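Peer 1: Sending over start-v9.cif (mmCIF, C-alpha atoms).
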```
data_start
loop_
_atom_site.label_atom_id
_atom_site.label_comp_id
_atom_site.auth_asym_id
_atom_site.auth_seq_id
_atom_site.Cartn_x
_atom_site.Cartn_y
_atom_site.Cartn_z
CA MET R 1 -0.17 7.11 14.74
CA ASN R 2 1.25 4.23 16.76
CA LEU R 3 2.42 1.71 14.22
CA ILE R 4 2.60 -1.87 15.32
CA SER R 5 4.89 -4.56 13.95
CA PRO R 6 3.48 -6.43 10.95
CA ASP R 7 1.53 -9.56 11.84
CA PHE R 8 3.29 -12.22 9.80
CA ALA R 9 0.73 -14.85 10.75
CA ARG R 10 -1.78 -12.68 8.87
CA VAL R 11 0.72 -12.09 6.06
CA LYS R 12 1.26 -15.82 5.62
CA ALA R 13 -2.49 -16.45 5.65
CA LEU R 14 -3.04 -13.86 2.91
CA PHE R 15 -0.22 -15.40 0.90
CA GLU R 16 -1.52 -18.95 1.24
CA LYS R 17 -5.05 -17.88 0.32
CA ASN R 18 -3.66 -16.48 -2.95
CA ARG R 19 -0.75 -18.89 -3.38
CA THR R 20 -1.67 -19.94 -6.93
CA THR R 21 -1.55 -16.32 -8.12
CA PHE R 22 1.73 -15.70 -6.33
CA GLU R 23 3.22 -18.78 -7.99
CA ARG R 24 2.14 -17.44 -11.39
CA PHE R 25 3.68 -14.07 -10.51
CA PHE R 26 6.94 -15.80 -9.56
CA ARG R 27 7.05 -17.63 -12.91
CA LEU R 28 6.49 -14.37 -14.79
CA LEU R 29 9.14 -12.62 -12.72
CA THR R 30 11.78 -15.27 -13.44
CA GLU R 31 10.82 -15.45 -17.12
CA TYR R 32 11.09 -11.69 -17.69
CA ASN R 33 14.07 -11.28 -15.38
CA ALA R 34 16.35 -13.00 -17.89
CA ARG R 35 15.60 -10.18 -20.37
CA TYR R 36 14.89 -7.15 -18.20
CA ASN R 37 17.09 -7.62 -15.11
CA LEU R 38 14.21 -6.95 -12.72
CA THR R 39 15.63 -8.42 -9.51
CA ALA R 40 18.75 -10.08 -8.15
CA ILE R 41 16.52 -12.26 -5.95
CA THR R 42 15.34 -15.26 -7.95
CA ALA R 43 15.10 -18.28 -5.61
CA TRP R 44 11.53 -19.12 -4.61
CA GLU R 45 11.96 -18.95 -0.83
CA GLU R 46 13.90 -15.69 -1.08
CA VAL R 47 11.28 -14.12 -3.33
CA VAL R 48 8.52 -15.25 -0.98
CA HIS R 49 10.14 -13.68 2.08
CA LYS R 50 12.04 -10.67 0.70
CA HIS R 51 9.50 -9.61 -1.93
CA PHE R 52 6.07 -11.10 -1.25
CA TYR R 53 6.00 -11.10 2.58
CA ASP R 54 7.79 -7.76 2.78
CA SER R 55 5.31 -6.20 0.35
CA LEU R 56 2.38 -7.47 2.41
CA ALA R 57 3.87 -6.19 5.68
CA GLY R 58 2.38 -2.75 5.03
CA GLU R 59 -1.05 -3.95 3.86
CA PRO R 60 -2.98 -2.65 6.93
CA LEU R 61 -1.77 0.89 6.13
CA PHE R 62 -3.96 1.02 3.00
CA PRO R 63 -7.55 2.10 3.76
CA ASP R 64 -10.44 0.21 2.18
CA GLY R 65 -10.87 1.23 -1.45
CA ALA R 66 -7.79 3.46 -1.43
CA ASP R 67 -6.71 5.05 -4.70
CA ALA R 68 -2.97 4.71 -4.35
CA VAL R 69 0.07 5.62 -6.44
CA GLU R 70 3.36 3.74 -6.34
CA ILE R 71 6.56 5.57 -7.25
CA GLY R 72 9.38 3.61 -8.90
CA SER R 73 7.39 0.40 -9.33
CA GLY R 74 10.26 -1.61 -10.81
CA ALA R 75 9.25 -5.26 -10.72
CA GLY R 76 5.98 -4.47 -8.94
CA PHE R 77 6.90 -4.58 -5.27
CA PRO R 78 5.00 -3.86 -3.12
CA SER R 79 2.15 -2.91 -5.49
CA LEU R 80 1.33 -6.21 -7.18
CA PRO R 81 1.39 -8.41 -4.06
CA LEU R 82 -0.84 -5.81 -2.38
CA LYS R 83 -3.25 -5.87 -5.31
CA ILE R 84 -3.35 -9.68 -5.32
CA VAL R 85 -4.60 -9.77 -1.72
CA ARG R 86 -6.51 -6.46 -1.82
CA PRO R 87 -8.57 -6.25 -5.03
CA ASP R 88 -10.37 -3.22 -3.56
CA LEU R 89 -7.29 -1.04 -4.10
CA ALA R 90 -7.12 1.15 -7.21
CA LEU R 91 -3.44 1.40 -8.12
CA THR R 92 -1.41 3.67 -10.37
CA LEU R 93 2.11 2.34 -10.93
CA VAL R 94 4.71 4.94 -11.95
CA GLU R 95 7.91 3.67 -13.56
CA SER R 96 10.46 5.61 -15.63
CA THR R 97 12.04 2.59 -17.37
CA GLY R 98 10.15 1.39 -20.43
CA LYS R 99 11.11 -2.29 -20.17
CA LYS R 100 9.94 -2.45 -16.57
CA CYS R 101 6.64 -0.91 -17.66
CA GLU R 102 6.32 -3.68 -20.24
CA PHE R 103 6.79 -6.27 -17.51
CA LEU R 104 4.31 -4.58 -15.19
CA ARG R 105 1.64 -4.44 -17.90
CA ALA R 106 2.26 -8.10 -18.76
CA ALA R 107 2.00 -9.10 -15.10
CA VAL R 108 -1.24 -7.14 -14.61
CA ARG R 109 -2.68 -8.79 -17.72
CA GLU R 110 -1.48 -12.34 -17.01
CA LEU R 111 -2.55 -12.24 -13.35
CA GLY R 112 -5.99 -10.87 -14.26
CA LEU R 113 -5.64 -7.82 -12.01
CA GLU R 114 -8.23 -5.08 -12.53
CA GLY R 115 -8.00 -1.45 -11.47
CA VAL R 116 -4.25 -1.11 -12.13
CA THR R 117 -2.79 1.60 -14.37
CA VAL R 118 0.87 1.57 -15.41
CA LEU R 119 2.39 4.95 -16.29
CA HIS R 120 5.72 5.33 -18.07
CA ALA R 121 6.60 8.59 -16.36
CA ARG R 122 8.76 10.34 -13.78
CA ALA R 123 7.31 11.19 -10.37
CA GLU R 124 8.66 14.74 -10.42
CA GLU R 125 6.75 15.40 -13.65
CA LEU R 126 3.49 13.90 -12.37
CA GLY R 127 3.79 15.99 -9.22
CA LYS R 128 3.43 19.12 -11.35
CA ASP R 129 0.61 17.70 -13.50
CA GLN R 130 -2.80 18.86 -12.25
CA ASN R 131 -4.30 15.54 -13.38
CA TYR R 132 -2.24 13.79 -10.69
CA ARG R 133 -1.10 16.40 -8.18
CA GLU R 134 -2.74 15.87 -4.78
CA LYS R 135 -5.21 13.35 -6.27
CA PHE R 136 -4.32 10.16 -4.35
CA SER R 137 -5.23 8.93 -0.88
CA VAL R 138 -1.92 7.04 -0.56
CA ALA R 139 1.49 7.36 -2.20
CA PHE R 140 3.96 4.59 -1.52
CA ALA R 141 7.37 3.33 -2.59
CA ARG R 142 9.93 0.69 -1.72
CA ALA R 143 13.71 1.09 -1.86
CA VAL R 144 13.66 3.98 -4.34
CA ALA R 145 15.60 6.80 -2.66
CA PRO R 146 16.54 8.20 0.76
CA LEU R 147 13.51 9.51 2.65
CA PRO R 148 14.02 13.26 1.98
CA SER R 149 14.13 12.66 -1.79
CA LEU R 150 11.35 10.08 -1.67
CA ALA R 151 9.08 12.44 0.23
CA GLU R 152 9.49 15.07 -2.48
CA TYR R 153 8.52 12.52 -5.12
CA CYS R 154 5.52 11.21 -3.20
CA LEU R 155 3.86 13.86 -1.03
CA PRO R 156 2.94 16.25 -3.89
CA LEU R 157 0.74 13.44 -5.23
CA VAL R 158 -1.18 12.94 -1.96
CA ARG R 159 -4.32 14.89 -1.15
CA THR R 160 -4.82 16.44 2.27
CA GLY R 161 -5.89 13.75 4.71
CA GLY R 162 -4.03 11.05 2.81
CA ARG R 163 -0.75 9.36 3.64
CA PHE R 164 2.71 8.51 2.37
CA VAL R 165 4.05 5.01 3.11
CA ALA R 166 7.76 4.30 2.70
CA TYR R 167 9.09 0.74 2.72
CA LYS R 168 12.71 1.07 3.84
CA GLY R 169 15.65 -1.07 4.94
CA ALA R 170 16.82 -1.77 8.47
CA THR R 171 17.69 1.86 9.27
CA ASP R 172 14.93 4.20 10.42
CA GLU R 173 15.28 7.35 8.28
CA SER R 174 12.48 9.27 10.03
CA GLU R 175 14.70 11.91 11.60
CA GLU R 176 16.63 12.41 8.38
CA GLY R 177 13.39 12.95 6.45
CA LYS R 178 11.42 14.99 8.99
CA LYS R 179 12.26 18.43 7.57
CA ALA R 180 11.37 17.35 4.03
CA VAL R 181 8.04 15.86 5.11
CA VAL R 182 7.03 19.04 6.97
CA SER R 183 8.19 21.30 4.10
CA LEU R 184 6.01 19.29 1.70
CA GLY R 185 2.83 19.64 3.73
CA GLY R 186 3.09 16.51 5.81
CA SER R 187 3.69 15.28 9.32
CA LEU R 188 5.59 12.17 10.32
CA ALA R 189 3.08 9.78 11.86
CA GLY R 190 5.36 6.98 12.94
CA SER R 191 7.73 4.20 11.98
CA VAL R 192 8.16 0.56 12.84
CA ARG R 193 11.16 -1.75 12.42
CA TYR R 194 10.42 -5.42 11.88
CA GLU R 195 12.15 -8.70 11.13
CA LEU R 196 11.15 -10.80 8.16
CA PRO R 197 10.45 -14.45 9.05
CA GLN R 198 13.22 -17.06 8.86
CA GLU R 199 15.92 -14.44 9.46
CA TYR R 200 15.53 -12.86 6.03
CA GLY R 201 16.47 -9.43 7.40
CA ALA R 202 15.21 -6.29 9.10
CA ARG R 203 13.01 -3.68 7.43
CA THR R 204 11.27 -0.43 8.40
CA LEU R 205 7.92 1.10 7.50
CA ILE R 206 7.64 4.89 7.76
CA VAL R 207 4.32 6.71 7.50
CA ALA R 208 3.61 10.43 7.03
CA GLU R 209 0.18 12.04 7.03
CA LYS R 210 -0.65 14.79 4.51
CA THR R 211 -1.84 17.66 6.71
CA GLY R 212 -1.84 20.54 4.21
CA LYS R 213 -1.16 21.41 0.59
CA THR R 214 2.31 20.99 -0.87
CA PRO R 215 3.86 24.37 -1.80
CA ALA R 216 3.71 24.97 -5.57
CA LYS R 217 7.51 24.93 -5.95
CA TYR R 218 7.65 21.21 -5.11
CA PRO R 219 8.65 18.89 -6.65
CA ARG R 220 11.52 20.97 -7.99
CA GLY R 221 12.49 18.67 -10.89
CA GLN R 222 15.76 18.62 -12.85
CA GLY R 223 17.11 16.03 -10.43
CA LYS R 224 17.14 18.41 -7.47
CA GLU R 225 15.12 15.97 -5.36
CA ARG R 226 18.21 13.76 -5.26
CA SER R 227 21.10 16.20 -5.80
CA ALA R 228 19.90 18.74 -3.21
CA PRO R 229 17.41 17.00 -0.90
CA ILE R 230 15.46 18.94 1.71
CA VAL R 231 17.43 18.29 4.90
#
```
Please express the file's structure as structure tokens.
Peer 2:
Amino acid sequence: MNLISPDFARVKALFEKNRTTFERFFRLLTEYNARYNLTAITAWEEVVHKHFYDSLAGEPLFPDGADAVEIGSGAGFPSLPLKIVRPDLALTLVESTGKKCEFLRAAVRELGLEGVTVLHARAEELGKDQNYREKFSVAFARAVAPLPSLAEYCLPLVRTGGRFVAYKGATDESEEGKKAVVSLGGSLAGSVRYELPQEYGARTLIVAEKTGKTPAKYPRGQGKERSAPIV
């Protein structure tokens, strides 16, 4: 897969088309942030660029009607901006912190988003659960863990023929995560580094295709995904 840099003219157009909903989301975020410490980014322009635009940068990587699972949803980035502009997506949001789940459910309700399920759970547990293991066409995450660990959280949830999308910082972690991706039944498809508009920083999108089944021993659980990553 040859990834191309995100088209921020398209991103801005999607944002402006749904601006009223994004403004409501921003108000909810700032309201709940005082209680739940959801994000250190609270100024409107910063939220627009670093959260909303960045979330939408990967939108073309989600096939029409995809049933997708987000790991470590936190404050709902990139999942909720994606859902705002792509109502065709069926999303399962996985978050291990109860208060963040409360915010996510409130945001889904207040924004009138349909086809979104919020699970208070850990990814390594879902990866062993036959109700979720290899059931999704896309697994995705943003700023959750280094790529080797993140791959072990995400790829067990993706069915063969699906994909794993990682929203990362300025550094391309593809080489670091290659062994983990292959060990988990995947193949690195490509990565692209891009600059957010108005000099709000560099980011990277990394994509892996699920080419075969994940071996039964993964995810390993008991924190091994982080303490002893596949490298």
Peer 1: Do you know which residues the PyMOL selection byres ((chain R and resi 120) around 6) returns on this file, as a PyMOL selection string?
Peer 2: chain R and resi 95-96+119+121
Peer 1: Convert the current residue selection to file output with C-alpha atoms, as an mmCIF file, keeping the file's coordinate frame.
Peer 2:
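Result file is selection.cif:
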```
data_model
loop_
_atom_site.group_PDB
_atom_site.id
_atom_site.type_symbol
_atom_site.label_atom_id
_atom_site.label_comp_id
_atom_site.auth_asym_id
_atom_site.auth_seq_id
_atom_site.Cartn_x
_atom_site.Cartn_y
_atom_site.Cartn_z
ATOM 1 C CA GLU R 95 7.910 3.670 -13.560
ATOM 2 C CA SER R 96 10.460 5.610 -15.630
ATOM 3 C CA LEU R 119 2.390 4.950 -16.290
ATOM 4 C CA ALA R 121 6.600 8.590 -16.360
#
```
Peer 1: With a cut-off of 8 Å, could you pull out the residues of range 112-163 of chain R touching range 184-205 of chain R and give me the nearest pair of atoms for each, distance in Å to one decimal, using all atoms listed in the file, ordered by chain and ascending number, as JSON lines?
Peer 2:
```
{"residue": "R:Ala151", "atom": "CA", "partner": "R:Leu184", "partner_atom": "CA", "distance": 7.6}
{"residue": "R:Glu152", "atom": "CA", "partner": "R:Leu184", "partner_atom": "CA", "distance": 6.9}
{"residue": "R:Leu155", "atom": "CA", "partner": "R:Leu184", "partner_atom": "CA", "distance": 6.4}
{"residue": "R:Pro156", "atom": "CA", "partner": "R:Leu184", "partner_atom": "CA", "distance": 7.1}
```
Peer 1: For Arg109 in chain R, which residue out of R:Ala139, R:Leu28, R:Ala216, R:Ala145 is the nearest one, using only C-alpha atoms?
Peer 2: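 With only C-alpha atoms as the atom set, the closest residue is R:Leu28.
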Peer 1: Would you mind listing what lies within 6 Å of range 63-79 of chain R as a PyMOL selection string, with only C-alpha atoms counted and same-chain residues fewer than 3 positions away left out?
Peer 2: chain R and resi 38+55+82+88-95+100+136-141
Peer 1: So, with all atoms listed in the file as the atoms that count, which of R:Gly112, R:Leu3, R:Tyr53, R:Lys217 lies closest to Arg24 in chain R?
Peer 2: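 Checking each candidate against Arg24 in chain R, we get R:Gly112 as the closest.
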Peer 1: Would you write out, as a list in words, every residue that the PyMOL selection byres ((chain R and resi 7-22) around 7) captures in this file?
Peer 2: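 Selected by the PyMOL selection byres ((chain R and resi 7-22) around 7) in this file: Ser5, Pro6, Glu23, Arg24, Phe25, Phe26, Tyr53, Leu56, Ala57, Val85 and Leu111 of chain R.
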Peer 1: What is the CA of Leu157 in chain R to CA of Glu134 in chain R distance in Å?
Peer 2: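 Calculated distance between CA of Leu157 in chain R and CA of Glu134 in chain R is 4.3 Å.
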Peer 1: Can you work out which one of R:Pro146, R:Asn37, R:Glu209, R:Phe103 has the shortest atom-to-atom distance to Ser227 in chain R, counting all atoms listed in the file?
Peer 2: R:Pro146
Peer 1: One decimal, Å: what's the distance from CA of Lys128 in chain R over to CA of Pro219 in chain R, could you say?
Peer 2: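 Between these atoms lies a distance of 7.0 Å.
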Peer 1: So how many Å separate CA of Tyr32 in chain R and CA of Tyr153 in chain R, to one decimal?
Peer 2: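 Rounded to one decimal, the two atoms are 27.4 Å apart.
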Peer 1: What do you get, as a ChimeraX atom specification, if you spell out every residue that the PyMOL selection byres ((chain R and resi 228) around 12) selects here?
Peer 2: /R:146,148-149,152,180,219-227,229-231
Peer 1: Extending 5 Å beyond the listed atoms of range 129-135 of chain R on each side, what axis-aligned box results? I want centre and edge lengths in Å to one decimal, as AutoDock Vina command-line options.
Peer 2:
```
--center_x -2.3 --center_y 16.1 --center_z -9.1 --size_x 15.8 --size_y 15.5 --size_z 18.7
```
